[in-house]
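Q: This is the structure, below, for whatever I ask next.
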Amino acid sequence: MNYQKASTGLRLGASVGIIILMLGVAIALSISITSNIRDQMRVITDFNIPLENTAIQMNDLQKNQENTMNDAIKFLQTKNIQGVKLSEDEFHHYNNLVNSEISQVKNIAKIDTISSPQDYVDSPSSLILTKINAIDDLNSQYTQSADTIFASTYTIDENNLKSLVTGLKEKERLLDMKQTDLLTYVESSYQNIETSVDENKQKFLTLEIIIIILAGIISLASSHFVNQINKDLIHEVIKKTKSLQKANARLKKLNVLKDEFINEASHELKSPLNPIYGFVELAKCGDIDKEEALAGIVKQAHQIEDIANKMLDLGKIDNNRLQLSIEKFDLKDLTSEIIELAQISLNKNIVITTELDNVEIEADRVRIGQVIRNILNNAIKFTHDGHILVSLFHNDSNAEIRISDTGIGIHSDILPKMFQKFVTKNYGRENLEGNGLGLYICKGIIDAHGGNIQAYNNQNCGATIQFSIPIKHNKHIRNISPLLN
């Protein structure tokens with residue numbers, strides 16, 4: 001057994017040694033050839049990169065100079081002397097920068113002429129110098145034409161201005177053409193260098209491939225000895241990967257819950273703030289005294305606190321479920337209270353009427369109020385002016401609230417799926433789009449009470465949303481709702 005292990009180790013070591021030796025030879029050849037290529041092309045590459053950057057900068061400055069001149073011409077046409085003077089200063093500022101970039105290109109090209117390798121016969125420096133000199137001459141002519149226009153600011157007439165502008169535009173066109181020609185040549189020169197380097201690399205790559213293939217053949221011979229080790233490693237990797245995947249899935253789920261919780265909290269805490277603003281405005285205008293406004297604000301603050309506490313409870317519940325707090329209360333009083341608060345902050349030409357039965361139910365008062373408030377706010381939001389009817393009916397077993405409006409109705413795309421998450425639609429130019437969670441939360445609350453909720457468009461106009469819940473809480477129904485599943 002020990003002999004077999006020693007033999008296996010020896011053969012494995014020999015195989016690895018040969019592979020390392022061949023790879024070492026390949027690396028040594030790679031370093032040698034790459035060094036030769038780098039030494040041959042370094043000067044040329046160092047020339048093209050700064051030259052290209054400088055040429056691009058010069059082109060951008062030229063464009064800014066032309067734009068400034070166009071502004072000056074417009075000011076001349078409108079007799080805006082102050083604008084002309086400002087444009088003239090800006091034009092000469094850009095012109096100085098352009099001249100600086102032209103000088104830099106010339107210096108780069110001259111340096112390249114001196115430092116280019118002797119075996120690099122086709123150095124582009126001389127041609128670049130020719131092109132940049134042509135640009136320099138043309139830019140000087142362009143500057144002279146511009147100075148002529150600026151010098152004639154007070155005396156130039158429309159016909160002379162038109163003639164001068166025509167000549168100036170022709171020089172601009174020639175400058176743009178020369179600039180484009182220079183950039184194209186520099187880019188093509190750099191691409192030619194890269195092509196040459198790639199060809200040399202390709203030749204060496206062939207040699208490397210041959211060496212690697214030989215190393216691969218040897219490595220296949222030793223694969224039998226490492227096969228079992230690989231199996232153990234793969235098994236361990238799979239085990240760890242599954243563990244990480246489970247942890248990642250939990251993190252993703254928690255992140256989704258966090259985002260939905262924040263959206264839901266923002267959505268639900270907005271509604272009680274509107275009556276507070278209403279009380280403040282009424283107190284400012286003197287329509288109600290401060291004590292009455294303060295009482296209303298305190299009442300709404302308690303309502304916000306109740307909703308916030310419920311939202312926080314929702315975030316702490318295991319398995320993403322909503323816990324209800326069942327109590328006995330008068331549904332008519334709750335509905336009337338919500339309508340009264342909504343009317344205080346109502347700034348539209350809307351009339352809210354009621355048909356409310358007296359009925360006492362066993363349910364979560366805060367959550368049912370949340371549903372009524374949300375549906376009523378939706379009706380107000382989508383009704384420009386008109387009428388909203390809030391009805392409360394009941395029989396021996398169920399209580400039903402129906403809210404109908406004369407607004408724009410429910411879009412046909414939204415109606416079949418309006419109780420799903422994040423279902424919204426913008427209407428024309430109006431910003432009526434919400435976060436798409438309100439009605440989804442309403443459905444979750446009603447489902448948790450063992451009730452049902454539905455919506456439909458009215459025959460004439462507007463829409464109706466109604467829900468019903470049991471009057472008596474059924475203890476056999478778990479008072480939880482999978483809102484976030």
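Starting from 1 in every chain, residues are counted up; chains themselves are A, B, ... following the order of the structure tokens, and ligands are numbered from 1 as listed.
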Compile the contact shell of His394 in chain A as a ChimeraX atom specification: residues with an atom at most 12 Å away, counting only C-alpha atoms, same-chain residues fewer than 5 positions apart removed.
A: /A:331-332,355-361,399-402,467-472
Q: Restricting the output to C-alpha atoms, write the selected residues as an mmCIF file, in the first residue's frame.
A:
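Saved result, again29.cif, follows:
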data_model
loop_
_atom_site.group_PDB
_atom_site.id
_atom_site.type_symbol
_atom_site.label_atom_id
_atom_site.label_comp_id
_atom_site.auth_asym_id
_atom_site.auth_seq_id
_atom_site.Cartn_x
_atom_site.Cartn_y
_atom_site.Cartn_z
ATOM 1 C CA LEU A 331 -68.757 50.429 12.062
ATOM 2 C CA LYS A 332 -71.032 53.407 11.316
ATOM 3 C CA GLU A 355 -76.314 55.872 3.570
ATOM 4 C CA LEU A 356 -75.147 54.193 6.759
ATOM 5 C CA ASP A 357 -76.793 51.450 8.807
ATOM 6 C CA ASN A 358 -76.078 51.084 12.501
ATOM 7 C CA VAL A 359 -74.045 47.926 12.982
ATOM 8 C CA GLU A 360 -71.596 46.743 15.618
ATOM 9 C CA ILE A 361 -68.935 44.322 14.446
ATOM 10 C CA ALA A 399 -71.635 44.035 6.983
ATOM 11 C CA GLU A 400 -70.942 45.600 3.587
ATOM 12 C CA ILE A 401 -69.439 48.991 2.723
ATOM 13 C CA ARG A 402 -69.806 50.304 -0.807
ATOM 14 C CA PHE A 467 -66.172 44.910 0.612
ATOM 15 C CA SER A 468 -67.986 42.759 3.120
ATOM 16 C CA ILE A 469 -66.826 41.170 6.379
ATOM 17 C CA PRO A 470 -68.516 38.951 8.984
ATOM 18 C CA ILE A 471 -70.210 40.813 11.831
ATOM 19 C CA LYS A 472 -69.096 38.199 14.321
#
Q: Per DSSP on the backbone, filter range 333-472 of chain A down to the residues in alpha helix (DSSP H) and report them as a ChimeraX atom specification.
A: /A:333-344,365-381,438-448
Q: Just the number, please: distance in Å from CA of Thr184 in chain A to CA of Thr166 in chain A, one decimal.
A: 27.0 Å
Q: Give me, please, the distance in Å between CA of Asn67 in chain A and CA of Ser189 in chain A, quoted to one decimal.
A: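 The value is 29.9 Å.
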Q: Could you give me, as JSON lines, every range 449-475 of chain A residue with an atom at most 10 Å from range 373-381 of chain A, plus its closest atom pair and distance in Å to one decimal, counting only C-alpha atoms, rows ordered by chain then number?
A:
{"residue": "A:Gly462", "atom": "CA", "partner": "A:Ala379", "partner_atom": "CA", "distance": 8.7}
{"residue": "A:Ala463", "atom": "CA", "partner": "A:Ala379", "partner_atom": "CA", "distance": 8.1}
{"residue": "A:Thr464", "atom": "CA", "partner": "A:Ala379", "partner_atom": "CA", "distance": 8.5}
{"residue": "A:Ile465", "atom": "CA", "partner": "A:Ile375", "partner_atom": "CA", "distance": 7.1}
{"residue": "A:Gln466", "atom": "CA", "partner": "A:Ile375", "partner_atom": "CA", "distance": 8.8}
Q: Need the shell around range 71-73 of chain A: protein/DNA/RNA residues with any atom at most 9 Å away, counting only C-alpha atoms. Skip same-chain ones fewer than 6 positions apart. Format as a ChimeraX atom specification?
A: /A:80,83-88,91,149-150,161,165
